[in-house]
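Asker: The structure file upload_16.cif (mmCIF, C-alpha atoms and all ligand atoms) is provided below.
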```
data_data
#
loop_
_atom_site.label_atom_id
_atom_site.label_comp_id
_atom_site.auth_asym_id
_atom_site.auth_seq_id
_atom_site.Cartn_x
_atom_site.Cartn_y
_atom_site.Cartn_z
CA MET A 1 98.87 146.79 128.22
CA GLY A 2 98.19 143.14 128.88
CA GLY A 3 99.34 140.08 130.73
CA SER A 4 99.80 136.93 128.72
CA HIS A 5 98.64 134.29 131.17
CA SER A 6 95.71 133.18 133.19
CA LEU A 7 96.97 133.97 136.67
CA VAL A 8 97.22 137.67 136.02
CA GLY A 9 93.87 138.35 137.66
CA ILE A 10 94.68 136.91 141.07
CA LYS A 11 94.77 139.69 143.65
CA SER A 12 97.96 140.41 145.61
CA LYS A 13 95.86 140.23 148.78
CA ASN A 14 95.03 136.55 148.27
CA LEU A 15 98.59 135.74 147.44
CA ASP A 16 99.79 137.57 150.55
CA LYS A 17 97.47 135.46 152.70
CA LYS A 18 98.75 132.24 151.18
CA LEU A 19 102.31 133.40 151.57
CA GLU A 20 101.72 134.28 155.21
CA LYS A 21 100.72 130.71 155.81
CA SER A 22 103.92 129.46 154.26
CA LYS A 23 106.90 128.58 156.37
CA LYS A 24 108.80 131.60 157.66
CA GLY A 25 111.74 132.51 155.44
CA GLU A 26 110.46 130.57 152.46
CA VAL A 27 109.93 133.70 150.41
CA GLY A 28 112.46 136.13 151.90
CA VAL A 29 113.42 139.10 149.80
CA VAL A 30 112.53 138.91 146.13
CA LYS A 31 115.52 139.86 143.98
CA LEU A 32 114.15 141.59 140.89
CA LEU A 33 116.52 142.45 138.06
CA LEU A 34 115.89 145.03 135.32
CA LEU A 35 117.66 143.98 132.13
CA GLY A 36 117.64 145.35 128.57
CA ALA A 37 119.73 147.25 126.04
CA GLY A 38 120.77 150.87 126.53
CA GLU A 39 118.05 153.54 126.59
CA SER A 40 115.21 151.04 126.67
CA GLY A 41 113.78 152.62 129.84
CA LYS A 42 115.10 150.50 132.76
CA THR A 43 116.04 153.45 134.96
CA THR A 44 112.70 155.11 134.22
CA VAL A 45 110.90 151.98 135.46
CA PHE A 46 113.25 151.98 138.48
CA LYS A 47 112.31 155.61 139.22
CA GLN A 48 108.61 154.77 139.00
CA MET A 49 109.06 151.92 141.51
CA ARG A 50 111.02 154.20 143.84
CA TYR A 51 108.34 156.88 143.56
CA LEU A 52 105.32 154.58 143.86
CA LYS A 53 106.51 151.89 146.24
CA GLY A 54 109.86 152.98 147.68
CA ARG A 55 111.32 155.93 149.54
CA GLY A 56 110.34 158.57 146.98
CA PHE A 57 112.53 161.49 145.93
CA ASP A 58 114.40 163.52 148.56
CA GLU A 59 115.87 167.01 148.14
CA ASP A 60 119.35 165.87 147.09
CA TYR A 61 117.84 163.60 144.46
CA MET A 62 115.76 166.46 143.07
CA VAL A 63 118.84 168.72 142.84
CA GLU A 64 120.62 165.98 140.91
CA MET A 65 117.62 165.54 138.59
CA LYS A 66 117.40 169.28 137.94
CA PHE A 67 121.10 169.36 137.16
CA GLN A 68 120.77 166.46 134.73
CA LEU A 69 117.63 167.82 133.07
CA ILE A 70 119.28 171.15 132.28
CA GLY A 71 122.30 169.20 131.02
CA ASN A 72 120.07 167.16 128.68
CA VAL A 73 118.73 170.39 127.17
CA LEU A 74 122.08 172.18 126.76
CA GLU A 75 124.01 169.17 125.49
CA GLY A 76 121.11 168.14 123.27
CA VAL A 77 121.19 171.55 121.56
CA ALA A 78 124.99 171.49 121.10
CA ASN A 79 124.89 167.92 119.73
CA LEU A 80 122.10 168.79 117.32
CA VAL A 81 124.02 171.76 115.98
CA THR A 82 126.92 169.37 115.28
CA GLY A 83 124.49 166.85 113.77
CA ALA A 84 123.00 169.53 111.50
CA LYS A 85 126.48 170.41 110.22
CA ASP A 86 127.41 166.75 109.65
CA ASN A 87 124.22 166.15 107.70
CA GLY A 88 124.28 169.34 105.63
CA ILE A 89 121.23 170.91 107.31
CA GLU A 90 121.25 174.70 107.35
CA LEU A 91 120.36 176.46 110.58
CA ARG A 92 119.61 180.11 111.27
CA ASP A 93 122.51 182.22 112.46
CA ILE A 94 122.08 181.75 116.24
CA ASP A 95 124.75 182.36 118.87
CA LEU A 96 125.82 178.95 120.27
CA GLU A 97 128.53 180.41 122.49
CA PRO A 98 126.37 180.93 125.64
CA VAL A 99 125.25 177.29 125.40
CA GLU A 100 128.83 176.05 125.08
CA ARG A 101 129.91 178.25 128.00
CA ALA A 102 127.12 176.85 130.20
CA ILE A 103 128.14 173.28 129.28
CA GLU A 104 131.76 174.02 130.19
CA LEU A 105 130.78 175.47 133.57
CA ARG A 106 128.65 172.41 134.29
CA GLN A 107 131.50 170.02 133.47
CA LYS A 108 133.51 171.72 136.24
CA GLU A 109 130.67 171.25 138.72
CA LYS A 110 129.90 167.64 137.86
CA LEU A 111 132.13 166.30 140.59
CA GLY A 112 131.96 169.40 142.78
CA SER A 113 129.99 170.12 145.94
CA GLN A 114 126.20 169.95 146.07
CA GLY A 115 126.10 173.71 146.77
CA ALA A 116 128.08 174.54 143.63
CA LYS A 117 126.00 172.10 141.64
CA LYS A 118 122.81 173.77 142.83
CA LYS A 119 123.85 176.93 140.99
CA MET A 120 124.01 174.96 137.76
CA THR A 121 120.45 173.71 137.92
CA CYS A 122 118.89 176.41 135.81
CA ILE A 123 118.91 177.72 132.31
CA GLU A 124 118.54 181.50 132.28
CA GLY A 125 119.75 184.60 130.40
CA ASP A 126 121.72 184.25 127.16
CA SER A 127 121.82 180.45 127.13
CA ARG A 128 118.03 180.24 127.52
CA LYS A 129 117.58 182.79 124.75
CA SER A 130 119.82 180.84 122.33
CA VAL A 131 118.18 177.51 123.15
CA LEU A 132 114.71 178.95 122.49
CA GLU A 133 115.86 180.50 119.21
CA TYR A 134 117.11 177.13 118.03
CA TRP A 135 113.82 175.51 119.01
CA ALA A 136 111.94 178.02 116.87
CA ASP A 137 114.12 177.20 113.82
CA PRO A 138 112.44 174.63 111.49
CA GLY A 139 115.91 173.48 110.33
CA PHE A 140 116.71 172.50 113.93
CA LYS A 141 113.60 170.30 114.11
CA GLY A 142 114.64 168.66 110.82
CA ALA A 143 118.04 167.94 112.36
CA LEU A 144 116.30 166.44 115.39
CA ASP A 145 114.37 163.99 113.19
CA ILE A 146 117.53 162.80 111.47
CA CYS A 147 119.88 162.77 114.47
CA GLN A 148 117.50 160.92 116.76
CA LYS A 149 117.75 157.91 114.48
CA ILE A 150 121.55 157.96 114.67
CA GLY A 151 122.47 156.88 118.18
CA LYS A 152 125.86 158.60 118.28
CA TYR A 153 124.37 162.11 118.60
CA ASN A 154 123.01 161.12 121.98
CA ILE A 155 119.71 162.96 121.75
CA PRO A 156 117.29 161.73 124.43
CA ASP A 157 113.92 160.45 123.21
CA THR A 158 112.37 162.98 125.55
CA PHE A 159 114.28 165.96 124.13
CA SER A 160 111.33 167.56 122.32
CA ARG A 161 109.14 167.23 125.43
CA MET A 162 111.77 169.09 127.47
CA MET A 163 112.09 171.79 124.80
CA ASP A 164 108.31 172.22 124.57
CA LYS A 165 108.13 172.68 128.34
CA LEU A 166 110.93 175.23 128.25
CA ALA A 167 109.23 177.14 125.43
CA LYS A 168 105.76 177.13 127.01
CA ASP A 169 106.54 177.78 130.67
CA SER A 170 108.77 180.75 131.53
CA ASN A 171 109.31 179.30 135.01
CA TRP A 172 110.52 175.89 133.78
CA GLY A 173 114.26 175.52 134.24
CA THR A 174 114.69 178.66 136.36
CA GLN A 175 116.50 178.78 139.71
CA ASN A 176 113.34 178.62 141.85
CA TRP A 177 111.52 176.03 139.83
CA THR A 178 110.87 172.58 141.31
CA PRO A 179 110.65 169.72 138.79
CA SER A 180 107.53 167.58 138.86
CA ILE A 181 107.55 163.77 138.84
CA ASP A 182 106.90 163.98 135.09
CA ASP A 183 110.05 166.09 134.66
CA VAL A 184 112.14 163.64 136.69
CA LEU A 185 110.99 160.81 134.43
CA LEU A 186 112.16 162.70 131.32
CA VAL A 187 115.78 162.84 132.47
CA ARG A 188 118.27 160.78 130.49
CA VAL A 189 121.46 159.64 132.22
CA ARG A 190 123.28 156.56 131.00
CA THR A 191 123.60 154.06 133.87
CA THR A 192 127.07 152.79 134.67
CA GLY A 193 127.44 149.99 137.21
CA MET A 194 124.26 149.24 139.12
CA ALA A 195 121.78 150.78 141.54
CA ASP A 196 119.46 149.01 143.91
CA GLU A 197 116.47 149.90 146.00
CA MET A 198 114.35 148.05 148.56
CA PHE A 199 110.61 148.33 148.42
CA SER A 200 107.52 146.48 149.59
CA ILE A 201 104.32 145.39 147.93
CA GLY A 202 101.88 144.06 150.51
CA LYS A 203 103.98 142.11 152.97
CA VAL A 204 106.59 141.12 150.44
CA LYS A 205 109.95 142.84 150.28
CA PHE A 206 111.64 143.37 146.94
CA ARG A 207 115.20 144.29 146.08
CA LEU A 208 115.09 145.95 142.69
CA ILE A 209 118.34 146.18 140.72
CA ASP A 210 118.96 148.52 137.79
CA VAL A 211 121.95 148.00 135.49
CA GLY A 212 123.52 149.82 132.56
CA GLY A 213 122.37 148.35 129.25
CA GLN A 214 125.04 149.49 126.83
CA ARG A 215 127.45 146.86 125.54
CA ALA A 216 130.37 147.75 127.81
CA GLU A 217 128.04 147.65 130.82
CA ARG A 218 126.63 144.21 130.09
CA ARG A 219 129.90 142.52 131.04
CA LYS A 220 129.09 143.42 134.65
CA TRP A 221 125.65 141.78 134.65
CA ILE A 222 126.86 138.25 135.33
CA HIS A 223 127.88 139.20 138.89
CA LEU A 224 124.26 139.89 139.74
CA PHE A 225 122.69 136.68 138.45
CA ASN A 226 122.94 134.64 141.65
CA SER A 227 119.60 133.77 143.25
CA VAL A 228 117.56 136.10 141.07
CA THR A 229 113.85 135.50 141.66
CA SER A 230 112.57 137.55 138.79
CA VAL A 231 113.58 139.50 135.72
CA ILE A 232 111.96 142.40 133.91
CA PHE A 233 113.42 142.67 130.43
CA VAL A 234 112.77 146.15 129.03
CA THR A 235 112.86 146.91 125.32
CA SER A 236 111.81 150.00 123.44
CA LEU A 237 109.20 149.48 120.71
CA SER A 238 110.01 152.83 119.17
CA GLU A 239 113.63 151.98 118.43
CA TYR A 240 112.91 150.00 115.28
CA ASP A 241 114.39 152.71 113.05
CA GLN A 242 117.28 153.69 115.34
CA THR A 243 120.89 152.58 115.62
CA LEU A 244 122.91 152.00 118.78
CA TRP A 245 124.78 154.78 120.56
CA GLU A 246 127.82 152.50 120.83
CA ASP A 247 127.66 151.25 117.23
CA SER A 248 125.98 153.29 114.49
CA THR A 249 125.75 150.27 112.18
CA THR A 250 123.55 148.08 114.39
CA ASN A 251 119.78 148.43 114.57
CA ARG A 252 118.55 148.76 118.18
CA LEU A 253 115.67 146.36 117.81
CA GLN A 254 117.90 143.63 116.37
CA GLU A 255 120.29 144.04 119.28
CA SER A 256 117.43 143.85 121.75
CA VAL A 257 115.88 140.71 120.24
CA SER A 258 119.14 138.75 120.48
CA LEU A 259 119.82 140.03 124.00
CA PHE A 260 116.35 138.93 125.04
CA LYS A 261 116.84 135.44 123.60
CA GLU A 262 120.18 135.03 125.36
CA HIS A 263 118.76 135.89 128.78
CA ALA A 264 115.30 134.36 128.47
CA GLU A 265 116.90 130.98 127.72
CA SER A 266 119.61 131.26 130.35
CA TYR A 267 119.65 128.38 132.86
CA GLN A 268 120.26 130.96 135.59
CA PHE A 269 116.73 132.27 135.21
CA LYS A 270 114.96 128.99 134.63
CA ASP A 271 113.02 129.27 137.91
CA SER A 272 112.57 133.04 137.75
CA ALA A 273 109.42 134.90 136.79
CA PHE A 274 110.29 136.49 133.46
CA MET A 275 108.55 139.61 132.24
CA LEU A 276 108.94 141.47 128.97
CA PHE A 277 108.12 145.18 128.90
CA LEU A 278 107.54 146.37 125.35
CA ASN A 279 108.16 149.97 126.36
CA LYS A 280 107.76 153.43 124.80
CA VAL A 281 104.39 152.57 123.27
CA ASP A 282 103.63 156.30 123.15
CA LEU A 283 106.60 157.02 120.88
CA PHE A 284 106.00 153.88 118.89
CA GLU A 285 102.40 154.89 118.11
CA MET A 286 103.53 158.34 117.06
CA LYS A 287 106.14 156.98 114.66
CA TYR A 288 103.95 154.24 113.30
CA LYS A 289 100.58 156.00 113.14
CA GLU A 290 101.41 159.68 112.66
CA LYS A 291 104.75 159.62 110.90
CA ARG A 292 104.03 156.35 109.08
CA ILE A 293 107.57 155.07 109.50
CA PRO A 294 107.38 151.39 108.43
CA ILE A 295 108.46 148.88 111.05
CA ASN A 296 110.08 146.51 108.58
CA ASP A 297 111.69 148.90 106.15
CA PRO A 298 113.46 147.05 103.29
CA GLU A 299 116.01 149.89 103.22
CA LEU A 300 116.91 149.31 106.86
CA ASN A 301 116.93 145.57 106.14
CA ASN A 302 116.36 145.06 109.84
CA PHE A 303 114.24 141.88 109.72
CA PRO A 304 114.21 140.58 106.15
CA ASP A 305 112.40 137.34 107.09
CA ALA A 306 109.64 138.94 109.16
CA PRO A 307 106.33 139.65 107.39
CA THR A 308 105.52 143.18 106.34
CA ILE A 309 102.39 144.82 107.70
CA ASP A 310 99.67 146.73 105.92
CA GLN A 311 100.05 149.87 107.99
CA GLU A 312 97.08 151.57 106.32
CA THR A 313 94.60 149.06 107.79
CA ASP A 314 96.27 148.76 111.18
CA ASP A 315 94.38 151.62 112.89
CA ASP A 316 94.66 150.28 116.42
CA CYS A 317 98.29 149.09 115.99
CA SER A 318 97.24 145.53 116.85
CA LEU A 319 99.04 144.02 113.83
CA ALA A 320 102.20 145.88 114.73
CA ARG A 321 101.99 144.92 118.39
CA ASN A 322 101.58 141.30 117.46
CA TRP A 323 104.51 141.61 115.05
CA PHE A 324 106.76 142.83 117.87
CA GLN A 325 105.57 140.24 120.34
CA GLN A 326 106.20 137.45 117.82
CA LEU A 327 109.61 138.85 116.99
CA PHE A 328 110.69 138.44 120.60
CA LEU A 329 108.85 135.27 121.57
CA SER A 330 109.17 133.18 118.41
CA ASN A 331 112.90 133.53 118.71
CA VAL A 332 112.97 131.93 122.15
CA ASP A 333 112.75 128.26 123.06
CA LEU A 334 109.67 128.55 125.29
CA ALA A 335 109.97 124.95 126.44
CA LYS A 336 113.28 125.98 128.00
CA ARG A 337 112.05 129.33 129.20
CA GLY A 338 108.54 128.66 130.45
CA THR A 339 106.11 131.55 130.78
CA VAL A 340 107.00 135.03 129.60
CA TYR A 341 104.60 137.70 130.85
CA VAL A 342 104.29 140.48 128.29
CA HIS A 343 103.29 144.07 129.02
CA TYR A 344 103.06 147.06 126.71
CA THR A 345 104.26 150.02 128.73
CA ASN A 346 104.77 153.74 128.70
CA ALA A 347 107.22 154.17 131.55
CA LEU A 348 106.49 157.91 131.66
CA ASP A 349 102.85 157.30 132.62
CA THR A 350 102.77 156.96 136.40
CA SER A 351 99.15 155.83 136.82
CA LYS A 352 99.45 153.09 134.18
CA MET A 353 102.80 151.97 135.58
CA GLN A 354 101.20 151.58 139.00
CA VAL A 355 98.82 149.01 137.53
CA VAL A 356 101.60 147.20 135.65
CA ILE A 357 103.79 147.04 138.77
CA ASN A 358 100.99 145.48 140.83
CA VAL A 359 100.30 142.89 138.15
CA CYS A 360 104.01 142.06 137.96
CA ALA A 361 104.12 141.57 141.73
CA ASP A 362 101.38 138.98 141.25
CA HIS A 363 103.39 137.16 138.55
CA ILE A 364 106.41 137.08 140.84
CA LEU A 365 104.55 135.85 143.89
CA GLN A 366 102.81 133.19 141.84
CA MET A 367 106.14 131.94 140.47
CA ASN A 368 107.60 132.03 143.94
CA MET A 369 104.84 129.81 145.29
CA MET A 370 105.21 127.50 142.34
CA THR A 371 108.94 126.97 142.80
CA SER A 372 108.44 126.46 146.52
CA GLY A 373 105.88 123.76 145.72
CA MET A 374 102.84 125.66 147.04
CA VAL A 375 101.24 125.75 143.59
CA PRO A 376 101.65 122.85 141.12
CA LYS A 377 103.56 123.91 137.99
CA ASP A 378 100.87 122.58 135.65
CA THR A 379 98.34 125.17 136.86
CA LEU A 380 100.09 127.78 134.72
N1 LIG B 401 108.42 158.67 125.47
C1 LIG B 401 108.92 157.76 126.31
N2 LIG B 401 110.16 157.94 126.80
C2 LIG B 401 110.63 157.02 127.67
C3 LIG B 401 109.88 155.88 128.06
N3 LIG B 401 110.64 155.15 128.91
C4 LIG B 401 111.80 155.82 129.06
N4 LIG B 401 111.81 156.94 128.31
C5 LIG B 401 112.90 157.91 128.13
O1 LIG B 401 113.96 157.26 127.44
C6 LIG B 401 115.22 157.69 127.90
C7 LIG B 401 116.06 156.50 128.30
O2 LIG B 401 115.50 155.89 129.45
P1 LIG B 401 116.40 155.25 130.60
O3 LIG B 401 115.46 154.79 131.65
O4 LIG B 401 117.51 156.14 130.97
O5 LIG B 401 117.01 153.99 129.81
P2 LIG B 401 117.95 152.82 130.40
O6 LIG B 401 117.40 151.54 129.88
O7 LIG B 401 118.07 152.95 131.86
O8 LIG B 401 119.32 153.14 129.68
P3 LIG B 401 120.82 152.69 130.16
O9 LIG B 401 121.00 153.18 131.56
O10 LIG B 401 121.74 153.35 129.18
O11 LIG B 401 120.88 151.21 130.05
C8 LIG B 401 114.94 158.69 129.04
O12 LIG B 401 115.03 160.00 128.54
C9 LIG B 401 113.51 158.38 129.45
O13 LIG B 401 112.82 159.52 129.93
C10 LIG B 401 108.57 155.71 127.51
O14 LIG B 401 107.84 154.73 127.75
N5 LIG B 401 108.16 156.68 126.63
MG MG B 402 119.68 153.34 133.05
#
```
What is this structure when it is put down as structure tokens?
Ligand SMILES: Nc1nc2c(ncn2[C@@H]2O[C@H](COP(=O)(O)OP(=O)(O)OP(=O)(O)O)[C@@H](O)[C@H]2O)c(=O)[nH]1
Ligand SMILES: [Mg+2]
Answerer:
Amino acid sequence: MGGSHSLVGIKSKNLDKKLEKSKKGEVGVVKLLLLGAGESGKTTVFKQMRYLKGRGFDEDYMVEMKFQLIGNVLEGVANLVTGAKDNGIELRDIDLEPVERAIELRQKEKLGSQGAKKKMTCIEGDSRKSVLEYWADPGFKGALDICQKIGKYNIPDTFSRMMDKLAKDSNWGTQNWTPSIDDVLLVRVRTTGMADEMFSIGKVKFRLIDVGGQRAERRKWIHLFNSVTSVIFVTSLSEYDQTLWEDSTTNRLQESVSLFKEHAESYQFKDSAFMLFLNKVDLFEMKYKEKRIPINDPELNNFPDAPTIDQETDDDCSLARNWFQQLFLSNVDLAKRGTVYVHYTNALDTSKMQVVINVCADHILQMNMMTSGMVPKDTL
């Protein structure tokens, strides 16, 4: 984790004091936009903000999260069985029918009443038994490795964490079980349209906006660009060997780099604080350090002009981190853009995200004072 510029260390408290002295209404509500390609982690950051600084999670929200979590498990298993077939991977002879039946029942309840939905928030009996049998099959784990790279199978990055929890804890996913904050953060639901949430840091009010990042969703973004005070662009570091859900021929990282350039250079954000979250560092380190998947694989031909890295000597991932940072920033006209604040994040880690969120609030307030003339631009 790290901020890229000198003002990072200034405490929110000092900034609050200065802001208090400013004319009333000069700051108002800070409009903070989360942008980035699909599955990069925007909604997960949004959830963290809601949990840490906003209204938290009420009962209805938890029912919805439980419903979605169980759906991620059931649909993930069914999709992986299809993926195994497509890719010629042999699986043990396990009964998929209870899983398919549970998925069908859930489809009926998706738009139904909250009461009916509540009944669908567990995985018990035959469906649980089948799911656990699949998880114990080494062929299934092989299919997971292959299908996670191919976006169209729609396997959440957090799928194996969910399955491990289900396998280790006999209470997890049962009717009486209450998900933890960590469970809520694992849920994968594609965002369509937008969601917003008000929250406060110190005396400053923020309106945080989350949007859908997949191609079809991005057409809607333009309607939100008016008077944006700050942008957090989220990208996933671990996606370097994955293709898009909406287009199995495009590498996710390539898509993200060009999307970043387009928005970082946009005149609409020229006075906005602009932050780049290089997210999913946990998954990235696992792929890069443990699985040794090269970040610039000639076979993937994802960035032919970028230098290759000697992975063997890069024990602390610093070469790789720098590679990613350069990939995003060297592509952008920084004279046009101004400062980009870079943070390496694991959006699933609540205590680390708390620190990152506070530092980001400082960036935003600093930029706000600068554009309102309270701080000269050349101090940055
Ligand atoms: N391991 C890991 N998983 C993460 C991290 N951030 C998000 N995820 C998971 O990645 C998946 C996608 O995250 P979302 O927050 O739904 O992504 P999004 O950018 O909102 O996606 P769209 O709504 O489609 O644009 C979820 O299953 C999250 O739990 C992270 O830092 N590490
Ligand atoms: Mg989302």
Asker: Could you make a table, as a tab-separated table, of the residues of chain A that have an atom within 8 Å of an atom of ligand LIG 401 (chain B), each with its nearest atom pair and distance in Å to one decimal, counting all atoms listed in the file, in chain and number order?
Answerer:
```
residue	atom	partner	partner_atom	distance
A:Leu35	CA	B:LIG401	O6	7.9
A:Gly36	CA	B:LIG401	O6	6.3
A:Ala37	CA	B:LIG401	O11	5.8
A:Gly38	CA	B:LIG401	O11	3.5
A:Glu39	CA	B:LIG401	O8	3.4
A:Ser40	CA	B:LIG401	O6	3.9
A:Gly41	CA	B:LIG401	O3	3.3
A:Lys42	CA	B:LIG401	O6	3.8
A:Thr43	CA	B:LIG401	O3	3.6
A:Thr44	CA	B:LIG401	O3	3.8
A:Val45	CA	B:LIG401	O3	6.6
A:Phe46	CA	B:LIG401	O3	7.7
A:Pro156	CA	B:LIG401	O12	5.0
A:Asp157	CA	B:LIG401	O1	5.3
A:Thr158	CA	B:LIG401	O12	5.0
A:Phe159	CA	B:LIG401	O12	7.5
A:Val184	CA	B:LIG401	O13	7.9
A:Leu185	CA	B:LIG401	O13	5.0
A:Leu186	CA	B:LIG401	O13	3.5
A:Val187	CA	B:LIG401	O12	4.9
A:Arg188	CA	B:LIG401	O12	3.9
A:Val189	CA	B:LIG401	O4	5.4
A:Arg190	CA	B:LIG401	O10	4.0
A:Thr191	CA	B:LIG401	O9	3.6
A:Thr192	CA	B:LIG401	O9	6.8
A:Asp210	CA	B:LIG401	O7	7.5
A:Val211	CA	B:LIG401	O11	6.4
A:Gly212	CA	B:LIG401	O11	3.9
A:Gly213	CA	B:LIG401	O11	3.3
A:Gln214	CA	B:LIG401	O11	5.5
A:Val234	CA	B:LIG401	O6	7.2
A:Thr235	CA	B:LIG401	O6	7.9
A:Ser236	CA	B:LIG401	O14	7.5
A:Asn279	CA	B:LIG401	O14	5.0
A:Lys280	CA	B:LIG401	O14	3.2
A:Val281	CA	B:LIG401	O14	6.1
A:Asp282	CA	B:LIG401	N5	5.7
A:Leu283	CA	B:LIG401	N1	5.2
A:Thr345	CA	B:LIG401	O14	6.0
A:Asn346	CA	B:LIG401	O14	3.4
A:Ala347	CA	B:LIG401	O14	3.9
A:Leu348	CA	B:LIG401	C10	5.1
A:Asp349	CA	B:LIG401	O14	7.4
```
Asker: Could you dump the residues just selected with C-alpha atoms as a short mmCIF file (atom, residue, chain, number, x, y, z; two decimals), in the coordinates of the input?
Answerer:
```
data_model
loop_
_atom_site.label_atom_id
_atom_site.label_comp_id
_atom_site.auth_asym_id
_atom_site.auth_seq_id
_atom_site.Cartn_x
_atom_site.Cartn_y
_atom_site.Cartn_z
CA LEU A 35 117.66 143.98 132.13
CA GLY A 36 117.64 145.35 128.57
CA ALA A 37 119.73 147.25 126.04
CA GLY A 38 120.77 150.87 126.53
CA GLU A 39 118.05 153.54 126.59
CA SER A 40 115.21 151.04 126.67
CA GLY A 41 113.78 152.62 129.84
CA LYS A 42 115.10 150.50 132.76
CA THR A 43 116.04 153.45 134.96
CA THR A 44 112.70 155.11 134.22
CA VAL A 45 110.90 151.98 135.46
CA PHE A 46 113.25 151.98 138.48
CA PRO A 156 117.29 161.73 124.43
CA ASP A 157 113.92 160.45 123.21
CA THR A 158 112.37 162.98 125.55
CA PHE A 159 114.28 165.96 124.13
CA VAL A 184 112.14 163.64 136.69
CA LEU A 185 110.99 160.81 134.43
CA LEU A 186 112.16 162.70 131.32
CA VAL A 187 115.78 162.84 132.47
CA ARG A 188 118.27 160.78 130.49
CA VAL A 189 121.46 159.64 132.22
CA ARG A 190 123.28 156.56 131.00
CA THR A 191 123.60 154.06 133.87
CA THR A 192 127.07 152.79 134.67
CA ASP A 210 118.96 148.52 137.79
CA VAL A 211 121.95 148.00 135.49
CA GLY A 212 123.52 149.82 132.56
CA GLY A 213 122.37 148.35 129.25
CA GLN A 214 125.04 149.49 126.83
CA VAL A 234 112.77 146.15 129.03
CA THR A 235 112.86 146.91 125.32
CA SER A 236 111.81 150.00 123.44
CA ASN A 279 108.16 149.97 126.36
CA LYS A 280 107.76 153.43 124.80
CA VAL A 281 104.39 152.57 123.27
CA ASP A 282 103.63 156.30 123.15
CA LEU A 283 106.60 157.02 120.88
CA THR A 345 104.26 150.02 128.73
CA ASN A 346 104.77 153.74 128.70
CA ALA A 347 107.22 154.17 131.55
CA LEU A 348 106.49 157.91 131.66
CA ASP A 349 102.85 157.30 132.62
#
```
Asker: Record the distance separating atom CA of Ala143 of chain A and atom CA of Gln242 of chain A, expressed in Å with one decimal.
Answerer: 14.6 Å
Asker: For each of A:Gly202, A:Gly115, A:Gly56, A:Pro98, take the minimum atom-to-atom distance to Asp362 of chain A, counting all atoms listed in the file, then give the residue where this is smallest.
Answerer: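 Looking only at the distances to Asp362 of chain A, the closest residue turns out to be A:Gly202.
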Asker: Please list, as an NGL selection string, the residues that have an atom at most 12 Å away from (111.6, 154.1, 145.2) in the coordinates of this file, counting only C-alpha atoms.
Answerer: :A and (43-58 or 61 or 195-201 or 206-210)
Asker: May I have the protein, DNA and RNA residues with any atom at most 10 Å from the point (125.2, 151.3, 117.1), counting all atoms listed in the file, written as a list in words?
Answerer: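 Residues with an atom close enough to that point: Ile150, Gly151, Lys152, Gln214, Arg215, Gln242, Thr243, Leu244, Trp245, Glu246, Asp247, Ser248, Thr249, Thr250, Asn251, Arg252 and Glu255 of chain A.
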Asker: So, counting only C-alpha atoms, which residue among A:Tyr341, A:Trp177, A:Phe274, A:Phe303 is closest to Trp323 of chain A?
Answerer: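 Selected residue with least distance to Trp323 of chain A: A:Phe303.
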Asker: Out of A:Asp95, A:Asp164, A:Asp182, A:Glu217, which residue has the shortest atom-to-atom distance to ligand MG 402 (chain B) when counting all atoms listed in the file?
Answerer: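 Comparing A:Asp95, A:Asp164, A:Asp182, A:Glu217 against ligand MG 402 (chain B), the winner is A:Glu217.
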Asker: Go through A:Leu253, A:Met194, A:Ala264, A:Val30 and flag the residue nearest ligand MG 402 (chain B), using all atoms listed in the file for the distances.
Answerer: A:Met194
Asker: What gap, in Å, lies between atom CA of Ala84 of chain A and atom CA of Gly173 of chain A?
Answerer: 25.1 Å
Asker: Taking into account only C-alpha atoms, which residue in the set A:Glu239, A:Glu124, A:Glu75, A:Glu109 is nearest to Lys149 of chain A?
Answerer: A:Glu239
Asker: Measure the distance from atom CA of Asp86 of chain A to atom CA of Tyr240 of chain A in Å and round it to one decimal.
Answerer: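 We find that atom CA of Asp86 of chain A and atom CA of Tyr240 of chain A lie 22.9 Å from each other.
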Asker: Residues near Glu262 of chain A, anyone? I mean within 12 Å using all atoms listed in the file, not counting same-chain ones fewer than 5 positions away, as a list in words.
Answerer: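 So, after excluding close chain neighbours, the residues are Leu35, Gly36, Phe233, Glu255, Ser256, Val257, Tyr267, Gln268, Phe269, Phe328, Leu329, Asn331, Val332, Asp333, Lys336 and Arg337 of chain A.
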Asker: Could you name the residues that touch Ala320 of chain A at 9 Å or less, counting only C-alpha atoms, but leaving out those on the same chain fewer than 5 positions away, as a PDB file with C-alpha atoms, in the frame of the given file?
Answerer:
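Generated file (selection-v1.pdb):
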```pdb
ATOM      1  CA  TYR A 288     103.950 154.240 113.300  1.00  0.00           C
ATOM      2  CA  ILE A 295     108.460 148.880 111.050  1.00  0.00           C
ATOM      3  CA  ILE A 309     102.390 144.820 107.700  1.00  0.00           C
ATOM      4  CA  GLN A 311     100.050 149.870 107.990  1.00  0.00           C
ATOM      5  CA  ASP A 314      96.270 148.760 111.180  1.00  0.00           C
ATOM      6  CA  GLN A 325     105.570 140.240 120.340  1.00  0.00           C
TER       7      GLN A 325
END
```
Asker: Between A:Leu365, A:Cys360, A:Ile155, A:Leu69, single out the one closest to Ile232 of chain A, counting only C-alpha atoms.
Answerer: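 Result for the nearest residue to Ile232 of chain A: A:Cys360.
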